[in-house]
Amino acid sequence: MKRAAERFQENVGKVIVGRTDVVELCFVALLCEGHILMEDVPGVGKTSLARAIARSIQGSFHRIQCTPDLLPSDVTGVHFFNQKTGEFEFRAGPVVAHIVLVDEINRATPRTQSCFLECMQERQVTADLETIPLPRPFMVIATQNPIELEGTFALPEAQLDRFLLRLPMGYPTSEEEIELLHRFQDSQPLEVLESVLTTSELADLQAACRKVFVEDSVRHYITEVSRATRGDSSLRLGASPRATLALQQSAQALAAIRGRDFVLPDEVKELAIPVLAHRVLLDTGASVHGLNAISVIQRIVASVPVPVD
């Protein structure tokens with residue numbers, strides 16, 4: 001598992017300069033077959049990261065550019081009448097792929113956003129009462145620009161809860177940006193990127209992650225962190241039981257790729273913000289006093305006793 005994670009991170013690192021922490025968490029999401037929400041400004045490599053992930057696992061990749069006139073059928077696919085055969089056939093939409101990049105998801109209308117719920121949770125699409133399973137593994141990487149909000153539709157809490165992780169790309173350091181100029185001066189590394197895993201190998205790794213041992217005291221710690229968000233005065237909506245399960249699954253994956261077959265509280269603390277921060281809602285008073293979801297989760301994690309045995 002650790003060696004597979006190292007190969008994956010090294011391979012994606014041929015395209016993405018720096019941000020090893022983000023690449024590591026992307027592999028965590030792959031192992032959990034979870035979805036990622038990336039909130040950041042344009043031009044920091046979100047699309048390149050998604051394509052590099054798809055190439056690294058020998059998976060198919062589709063990109064959906066969200067606009068207000070995008071329809072659910074543009075995403076899931078439609079049935080059409082084939083005049084040659086005299087029968088209706090299903091033409092799959094771009095969501096039918098291993099890795100799907102949903103670019104600027106908050107520019108799509110709520111009607112279109114809702115069509116992703118079934119895809120992300122049940123790994124299937126329904127068109128004209130026919131249910132079509134999606135390929136496995138299946139991961140949605142959705143992006144949204146947190147700066148430009150005109151003409152956007154905020155994601156509802158129910159859909160945010162479907163994302164395993166929310167990750168920022170961030171700007172590169174000066175040294176990383178210089179390395180970026182060198183690397184992309186004469187060629188496009190993404191075009192020659194080779195796979196280091198197959199989808200069947202990834203499926204085996206996913207099954208192995210679910211067997212990583214979680215001691216009862218660590219499981220209790222995960223539960224207490226999640227439950228503490230529900231009673232915090234700064235939050236009007238705490239983390240759901242789905243979030244509790246996501247925190248355990250991601251901690252199992254992170255422990256596995258670091259070469260251990262058991263989870264430590266350190267993994268839980270490290271993953272609390274990317275797993276929980278987008279699943280909670282701040283109280284109005286907390287927003288007025290300059291608090292945000294990240295600072296509240298940090299305070300909660302610091303206040304919950306850590307198991308030491």
# chains A, B, ... in the order shown; residues from 1 in each chain; ligands from 1
>>> residues_around(residues="Ala108 of chain A", least_positions_apart="5", cutoff="10 Å", atoms="only C-alpha atoms", output="MDAnalysis selection string")
chainID A and resid 65:72 102:103 113:114 151:155
>>> write_last_selection(atoms="all heavy atoms", output="short mmCIF file (atom, residue, chain, number, x, y, z; two decimals), in the first residue's frame")
data_model
loop_
_atom_site.label_atom_id
_atom_site.label_comp_id
_atom_site.auth_asym_id
_atom_site.auth_seq_id
_atom_site.Cartn_x
_atom_site.Cartn_y
_atom_site.Cartn_z
N GLN A 65 -18.02 21.27 -18.04
CA GLN A 65 -17.95 22.70 -17.76
C GLN A 65 -19.37 23.19 -17.42
O GLN A 65 -20.26 23.17 -18.26
CB GLN A 65 -17.41 23.47 -18.95
CG GLN A 65 -17.34 24.97 -18.74
CD GLN A 65 -16.40 25.34 -17.59
OE1 GLN A 65 -15.24 24.95 -17.58
NE2 GLN A 65 -16.92 26.10 -16.63
N CYS A 66 -19.58 23.58 -16.18
CA CYS A 66 -20.91 23.96 -15.74
C CYS A 66 -21.23 25.40 -16.15
O CYS A 66 -20.41 26.30 -15.99
CB CYS A 66 -21.03 23.82 -14.23
SG CYS A 66 -20.99 22.10 -13.67
N THR A 67 -22.42 25.58 -16.68
CA THR A 67 -22.96 26.88 -17.04
C THR A 67 -24.44 26.89 -16.64
O THR A 67 -25.03 25.82 -16.43
CB THR A 67 -22.83 27.15 -18.55
OG1 THR A 67 -23.49 26.09 -19.26
CG2 THR A 67 -21.37 27.22 -18.98
N PRO A 68 -25.04 28.06 -16.53
CA PRO A 68 -26.45 28.10 -16.12
C PRO A 68 -27.41 27.36 -17.05
O PRO A 68 -28.49 26.96 -16.62
CB PRO A 68 -26.76 29.60 -16.08
CG PRO A 68 -25.44 30.26 -15.83
CD PRO A 68 -24.45 29.41 -16.56
N ASP A 69 -27.04 27.19 -18.33
CA ASP A 69 -27.95 26.50 -19.26
C ASP A 69 -27.66 25.01 -19.38
O ASP A 69 -28.26 24.32 -20.21
CB ASP A 69 -27.90 27.16 -20.63
CG ASP A 69 -26.50 27.12 -21.26
OD1 ASP A 69 -25.54 26.79 -20.52
OD2 ASP A 69 -26.37 27.42 -22.45
N LEU A 70 -26.78 24.48 -18.55
CA LEU A 70 -26.49 23.05 -18.58
C LEU A 70 -27.68 22.28 -18.00
O LEU A 70 -28.19 22.61 -16.93
CB LEU A 70 -25.23 22.76 -17.75
CG LEU A 70 -24.69 21.33 -17.79
CD1 LEU A 70 -24.03 21.05 -19.14
CD2 LEU A 70 -23.68 21.11 -16.66
N LEU A 71 -28.13 21.24 -18.70
CA LEU A 71 -29.28 20.46 -18.29
C LEU A 71 -28.83 19.13 -17.65
O LEU A 71 -27.73 18.63 -17.96
CB LEU A 71 -30.18 20.16 -19.48
CG LEU A 71 -30.82 21.37 -20.18
CD1 LEU A 71 -31.58 20.91 -21.42
CD2 LEU A 71 -31.72 22.12 -19.21
N PRO A 72 -29.66 18.55 -16.79
CA PRO A 72 -29.30 17.24 -16.22
C PRO A 72 -29.01 16.18 -17.27
O PRO A 72 -28.09 15.37 -17.11
CB PRO A 72 -30.54 16.89 -15.39
CG PRO A 72 -31.13 18.20 -15.01
CD PRO A 72 -30.89 19.09 -16.19
N VAL A 102 -15.90 18.22 -12.57
CA VAL A 102 -17.06 19.10 -12.69
C VAL A 102 -16.57 20.52 -12.42
O VAL A 102 -16.44 20.93 -11.27
CB VAL A 102 -18.18 18.70 -11.73
CG1 VAL A 102 -19.43 19.55 -11.96
CG2 VAL A 102 -18.51 17.22 -11.87
N ASP A 103 -16.26 21.24 -13.49
CA ASP A 103 -15.62 22.54 -13.36
C ASP A 103 -16.66 23.62 -13.05
O ASP A 103 -17.68 23.72 -13.72
CB ASP A 103 -14.87 22.88 -14.65
CG ASP A 103 -13.69 23.80 -14.40
OD1 ASP A 103 -13.38 24.08 -13.23
OD2 ASP A 103 -13.07 24.23 -15.39
N GLN A 113 -27.38 20.65 -10.57
CA GLN A 113 -26.55 20.19 -9.45
C GLN A 113 -27.14 18.92 -8.82
O GLN A 113 -26.40 18.02 -8.42
CB GLN A 113 -26.44 21.29 -8.39
CG GLN A 113 -25.59 22.47 -8.79
CD GLN A 113 -25.56 23.54 -7.71
OE1 GLN A 113 -26.02 23.33 -6.59
NE2 GLN A 113 -25.03 24.71 -8.03
N SER A 114 -28.47 18.86 -8.75
CA SER A 114 -29.11 17.73 -8.07
C SER A 114 -28.88 16.41 -8.80
O SER A 114 -28.96 15.35 -8.18
CB SER A 114 -30.61 17.99 -7.94
OG SER A 114 -31.24 18.03 -9.21
N GLY A 151 -23.64 35.26 -10.58
CA GLY A 151 -24.14 34.24 -11.47
C GLY A 151 -23.87 32.82 -11.01
O GLY A 151 -23.83 31.90 -11.82
N THR A 152 -23.72 32.62 -9.70
CA THR A 152 -23.47 31.29 -9.17
C THR A 152 -24.62 30.85 -8.27
O THR A 152 -25.42 31.67 -7.81
CB THR A 152 -22.16 31.25 -8.37
OG1 THR A 152 -22.26 32.14 -7.24
CG2 THR A 152 -20.97 31.64 -9.23
N PHE A 153 -24.68 29.55 -8.01
CA PHE A 153 -25.71 28.97 -7.16
C PHE A 153 -25.01 28.15 -6.09
O PHE A 153 -24.39 27.12 -6.40
CB PHE A 153 -26.67 28.10 -7.98
CG PHE A 153 -27.31 28.81 -9.14
CD1 PHE A 153 -26.66 28.89 -10.37
CD2 PHE A 153 -28.55 29.42 -9.00
CE1 PHE A 153 -27.25 29.53 -11.44
CE2 PHE A 153 -29.14 30.07 -10.07
CZ PHE A 153 -28.49 30.14 -11.29
N ALA A 154 -25.08 28.60 -4.86
CA ALA A 154 -24.37 27.92 -3.77
C ALA A 154 -24.84 26.47 -3.64
O ALA A 154 -26.03 26.16 -3.76
CB ALA A 154 -24.60 28.67 -2.45
N LEU A 155 -23.89 25.58 -3.39
CA LEU A 155 -24.24 24.16 -3.22
C LEU A 155 -25.02 23.98 -1.93
O LEU A 155 -24.64 24.50 -0.88
CB LEU A 155 -22.98 23.30 -3.17
CG LEU A 155 -22.12 23.24 -4.43
CD1 LEU A 155 -20.89 22.38 -4.17
CD2 LEU A 155 -22.90 22.69 -5.59
#
>>> residues_around(residues="segment 185-190 of chain A", least_positions_apart="2", cutoff="10 Å", atoms="only C-alpha atoms", output="ChimeraX atom specification")
/A:12,14-16,48-49,51-52,55,179-183,192-194
>>> residues_around(residues="Pro307 of chain A", least_positions_apart="2", cutoff="12 Å", atoms="only C-alpha atoms", output="MDAnalysis selection string")
chainID A and resid 215:222 224 263:266 268:269 304:305 309
>>> atom_distance(atom1="atom CA of Phe80 of chain A", atom2="atom CA of Met139 of chain A")
26.9 Å
>>> closest_residue(among="A:Gln121, A:Gln144, A:Ser73, A:Thr244", to="Glu39 of chain A", atoms="only C-alpha atoms")
A:Gln144
>>> closest_residue(among="A:Leu276, A:Leu25, A:Ala255, A:Ile99", to="Ala228 of chain A", atoms="only C-alpha atoms")
A:Leu276
